[in-house]
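Peer 1: Let me give you the structure first, and then I'll get to my questions.
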2 protein chains.
Amino acid sequence: MSPERSRRRIPDATVARLPVYLRILTEQGDEGVDSISSERLAELGGVNAAKVRKDLSYLGSYGTRGVGYEVAYLVYQIRRELGLTHDWPVVIVGAGNLGQALAGYGGFSERGFPVAGIVDIDDTKVGSVLSGVRVRHIDELPQIVQTKRVSIGVVATPGGAAQDAADRLVRAGVTSILNFAPVVLAVPRAIEVRKVDLAVELQILSYHEQRRAGGAIHAVGAARPASA
Amino acid sequence: MSPERSRRRIPDATVARLPVYLRILTEQGDEGVDSISSERLAELGGVNAAKVRKDLSYLGSYGTRGVGYEVAYLVYQIRRELGLTHDWPVVIVGAGNLGQALAGYGGFSERGFPVAGIVDIDDTKVGSVLSGVRVRHIDELPQIVQTKRVSIGVVATPGGAAQDAADRLVRAGVTSILNFAPVVLAVPRAIEVRKVDLAVELQILSYHEQRRAGGAIHAVGAARPASA
DNA sequence: CCGCCTTTGTGAACGTGTGCACGAATGCCT
DNA sequence: AGGCATTCGTGCACACGTTCACAAAGGCGG
């Protein structure tokens, strides 16, 4: 009844955690769990219980003191807040190694992000079929985006082609981009971009490994052999 | 000459950006650029110039006032700090869609993370060859980790098998894990884990799309038909 | 050799995120 | 019905990250 229904802004950090809660809650629901405490949810999610409660409080107050949260209702609320009440078709640009894997990864459509199409600029790749989706030419991008009402694009090209891919996606009308290419994309302010860079992740791990080794140049694993 | 050479702790946020700077600097170096200002580096990296300077200051003061940073030297310093002075072989667990794509993704070895091995629990997958790497049985994991001195493991299994994969990696002696499975891994405190979850990324984009649409349940793209 | 211009390095203010601690609400048991 | 145990919701303090703004440091031209 409050004037703002889902208008309150949710902190980025919370938005990033909601999908994790959602997955856990869905699993728990499937296992027959009806109600769950913030403590238990925190344990399963690897976070602090107070954080869970604060995160969930942004959705409104859907918990019952002394009891916990009703799993099914919480699932419903999180899905609603994340906009998962309907599917979001995605289009993949780049039918190389990664693009193929993404198209074949069942988890996408399963979680509400069906692959509406996959395109490539290379004519020799066009026409082949990957897990039921035919590769089309990149020039058909606008048509795919229009007819399938796609608003999320996935850039799965080599770095050199990524900016062009992004430009084409934006021109075609896509408003969110998931970028797997190791490139910082330049896009209009209104476009939401998220980046997944495997090399960066590995290099962060490398930093910690190097640090663990005591910062010495060589001497791998010298300090402590093992710790059970 | 200070007592701590590379012992000072670098903030997580900075560590996460250093790989980006490193890539840009390497590219610039290849293009013949000798010197670069924080301003330019910030522009290419899509960040604030002051942030760049503060980030680089954690490495020590390697800039020249009035001029900028010497690209080659900065590359060297960042590589040293990230532990990229030598290769870090990785082992991939799971030879499914994703594992195959990762093994075939040249960017790994190219950036100093050669694939030392790929293993799977499924006998029917064992023995097949993916981009020059033969799939071996997961029971051989300890041997691979030992002989190839692997300290980074990649979990590319379905969610249900991920915890077992992580347990095996840890037992085999791996100390860092890159997890692609949609599961929160339970590992000893000393193990460094980073997670890449495609579904989470898409759901975050979904949140912003939903919000963009005005929070309305239906009425997709009703508010503003298009812009430019 | 001196002054000017550029760019770094960093102190300080601000904003965001985290975690504790506790009041408030609720169900259950007697 | 009343008290008690439990768990939520949140104010507050602290840590972390970002950005501004400016003094310090260096190169360069005259």
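By order of appearance in the structure tokens: chains A, B, ..., then residues from 1 within every chain, and ligands from 1 in the order shown.
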Identify, on the basis of only C-alpha atoms (C1' of nucleotides), every residue whose closest approach to Gly173 of chain A does not exceed 12 Å; exclude the query and any residue fewer than 4 positions from it along the same chain; express the result as JSON, numbers by chain.

Peer 2: {"A": [91, 141, 142, 143, 144, 145, 146, 147, 148, 149, 150, 151, 152, 153, 166, 167, 168, 169, 177, 188, 190, 191], "B": [221, 225, 226, 227, 228]}

Peer 1: Please extract the residues of segment 40-217 of chain B with a backbone DSSP assignment of strand (DSSP E) and present them as JSON, numbers by chain.

Peer 2: {"B": [63, 64, 68, 69, 70, 90, 91, 92, 93, 115, 116, 117, 118, 119, 120, 129, 130, 133, 134, 135, 136, 137, 152, 153, 154, 155, 176, 177, 178, 179, 192, 193, 194, 195]}

Peer 1: Take the residues that were just selected and, keeping C-alpha atoms, output them as a compact mmCIF listing (two decimals), in the first residue's frame.

Peer 2:
```txt
# COMPACT_ATOMS: atom_id res chain seq x y z
CA GLY B 63 55.65 7.20 -12.12
CA THR B 64 57.44 10.35 -13.14
CA GLY B 68 53.56 9.67 -16.62
CA TYR B 69 54.44 6.00 -16.28
CA GLU B 70 56.94 4.07 -18.33
CA VAL B 90 45.82 -25.28 -13.93
CA VAL B 91 43.86 -28.49 -13.82
CA ILE B 92 40.27 -28.58 -15.01
CA VAL B 93 37.75 -30.89 -13.36
CA VAL B 115 46.17 -26.50 -18.89
CA ALA B 116 48.15 -29.18 -17.08
CA GLY B 117 45.31 -31.61 -17.33
CA ILE B 118 41.59 -32.13 -17.58
CA VAL B 119 39.82 -34.86 -15.67
CA ASP B 120 36.31 -36.30 -15.48
CA VAL B 129 41.35 -35.56 -26.65
CA LEU B 130 40.32 -31.92 -26.38
CA VAL B 133 44.85 -32.35 -23.92
CA ARG B 134 43.76 -35.90 -23.17
CA VAL B 135 40.95 -36.32 -20.67
CA ARG B 136 42.05 -38.44 -17.74
CA HIS B 137 40.13 -40.07 -14.94
CA ILE B 152 45.08 -23.78 -9.20
CA GLY B 153 42.07 -25.97 -9.92
CA VAL B 154 39.05 -25.16 -12.06
CA VAL B 155 35.68 -26.66 -11.19
CA SER B 176 43.21 -22.01 -5.20
CA ILE B 177 39.95 -22.84 -6.95
CA LEU B 178 38.05 -21.14 -9.72
CA ASN B 179 34.47 -22.35 -9.46
CA GLU B 192 41.23 -19.32 -2.00
CA VAL B 193 38.04 -19.65 -4.00
CA ARG B 194 36.68 -17.41 -6.70
CA LYS B 195 33.32 -17.97 -8.28
```

Peer 1: For chain D, list the residues within 9 Å of chain B, counting only C-alpha atoms (C1' of nucleotides), and write the list as number ranges by chain.

Peer 2: D: 16-20, 25-27

Peer 1: Sorted by chain and rising residue number, which residues of chain C lie within 10 Å of chain A, and what are their closest atom pairs and distances in Å to one decimal, counting only C-alpha atoms (C1' of nucleotides), as a Markdown table?

Peer 2:
```
| residue | atom | partner | partner_atom | distance |
| --- | --- | --- | --- | --- |
| C:DT16 | C1' | A:Pro11 | CA | 8.6 |
| C:DG17 | C1' | A:Ala13 | CA | 7.6 |
| C:DT18 | C1' | A:Lys51 | CA | 7.5 |
| C:DG19 | C1' | A:Ala50 | CA | 7.0 |
| C:DC20 | C1' | A:Ala50 | CA | 8.7 |
| C:DA24 | C1' | A:Arg65 | CA | 8.9 |
| C:DA25 | C1' | A:Arg65 | CA | 5.8 |
| C:DT26 | C1' | A:Arg65 | CA | 5.3 |
| C:DG27 | C1' | A:Gly66 | CA | 6.7 |
```

Peer 1: How about saving the chosen residues, C-alpha atoms (C1' of nucleotides) kept, as a tab-separated table (two decimals), in the first residue's frame?

Peer 2:
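Output file part.tsv is given in full below:
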```tsv
chain	number	residue	atom	x	y	z
C	16	DT	C1'	28.91	2.24	0.34
C	17	DG	C1'	29.05	-2.17	2.62
C	18	DT	C1'	29.53	-5.10	6.81
C	19	DG	C1'	28.62	-6.89	11.32
C	20	DC	C1'	27.33	-6.36	16.05
C	24	DA	C1'	10.35	-5.93	18.98
C	25	DA	C1'	7.39	-9.38	17.48
C	26	DT	C1'	5.79	-14.00	17.26
C	27	DG	C1'	4.80	-18.93	18.39
```

Peer 1: Neighbours of DG30 of chain D within 12 Å (only C-alpha atoms (C1' of nucleotides); same-chain residues fewer than 3 positions away dropped), as a PDB file with C-alpha atoms (C1' of nucleotides), in the first residue's frame?

Peer 2:
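New file out_0.pdb:
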```pdb
ATOM      1  C1'  DC C   1      69.543  28.849 -14.538  1.00  0.00           C
ATOM      2  C1'  DC C   2      64.869  30.006 -13.677  1.00  0.00           C
ATOM      3  C1'  DG C   3      60.041  29.857 -14.068  1.00  0.00           C
ATOM      4  C1'  DC C   4      56.178  27.467 -16.040  1.00  0.00           C
TER       5       DC C   4
END
```

Peer 1: As an exercise, work out the distance from atom CA of Gly96 of chain A to atom CA of Arg171 of chain A in Å and give it to one decimal place.

Peer 2: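 For atom CA of Gly96 of chain A relative to atom CA of Arg171 of chain A, the distance reads 22.4 Å.
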
Peer 1: For DG11 of chain C, find every residue with an atom within 12 Å (counting only C-alpha atoms (C1' of nucleotides)), except residues of its own chain fewer than 5 positions away, and show them as a short mmCIF file (atom, residue, chain, number, x, y, z; two decimals) with C-alpha atoms (C1' of nucleotides), in the first residue's frame.

Peer 2:
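Below is the file that was written, selection-v5.cif:
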```
data_model
loop_
_atom_site.label_atom_id
_atom_site.label_comp_id
_atom_site.auth_asym_id
_atom_site.auth_seq_id
_atom_site.Cartn_x
_atom_site.Cartn_y
_atom_site.Cartn_z
"C1'" DC D 20 38.32 15.42 -5.08
"C1'" DA D 21 41.71 18.64 -4.62
"C1'" DC D 22 46.17 20.18 -4.09
"C1'" DA D 23 51.08 20.28 -2.83
#
```

Peer 1: Of the candidates B:Arg9, B:Asp55, B:Pro182, B:Leu25, which one gets nearest to DG9 of chain C if we count only C-alpha atoms (C1' of nucleotides)?

Peer 2: B:Asp55

Peer 1: Sort by chain and increasing residue number a table of all residues of chain B within 7 Å of chain A, each with its closest pair of atoms and their distance in Å to one decimal, counting only C-alpha atoms, and write it as a tab-separated table.

Peer 2:
```
residue	atom	partner	partner_atom	distance
B:Ser6	CA	A:Gly215	CA	6.4
B:Val15	CA	A:Ile204	CA	6.5
B:Ala16	CA	A:Ile204	CA	6.3
B:Pro19	CA	A:Val200	CA	5.6
B:Gly45	CA	A:Val184	CA	6.3
B:Gly46	CA	A:Val184	CA	6.8
B:Glu81	CA	A:Tyr207	CA	6.9
B:Leu82	CA	A:Tyr207	CA	4.2
B:Gly83	CA	A:Gln210	CA	5.0
B:Asn97	CA	A:Ala101	CA	5.3
B:Leu98	CA	A:Ala101	CA	5.7
B:Ala101	CA	A:Asn97	CA	5.3
B:Gly104	CA	A:Asn97	CA	6.7
B:Tyr105	CA	A:Asn97	CA	6.6
B:Phe108	CA	A:Ala199	CA	6.9
B:Ser176	CA	A:Leu205	CA	6.4
B:Val184	CA	A:Gly45	CA	6.3
B:Ala199	CA	A:Phe108	CA	6.9
B:Val200	CA	A:Pro19	CA	5.6
B:Gln203	CA	A:Leu82	CA	6.5
B:Ile204	CA	A:Ala16	CA	6.4
B:Leu205	CA	A:Ser176	CA	6.4
B:Ser206	CA	A:Gly83	CA	5.8
B:Tyr207	CA	A:Leu82	CA	4.2
B:Gln210	CA	A:Gly83	CA	5.0
B:Gly215	CA	A:Ser6	CA	6.3
```
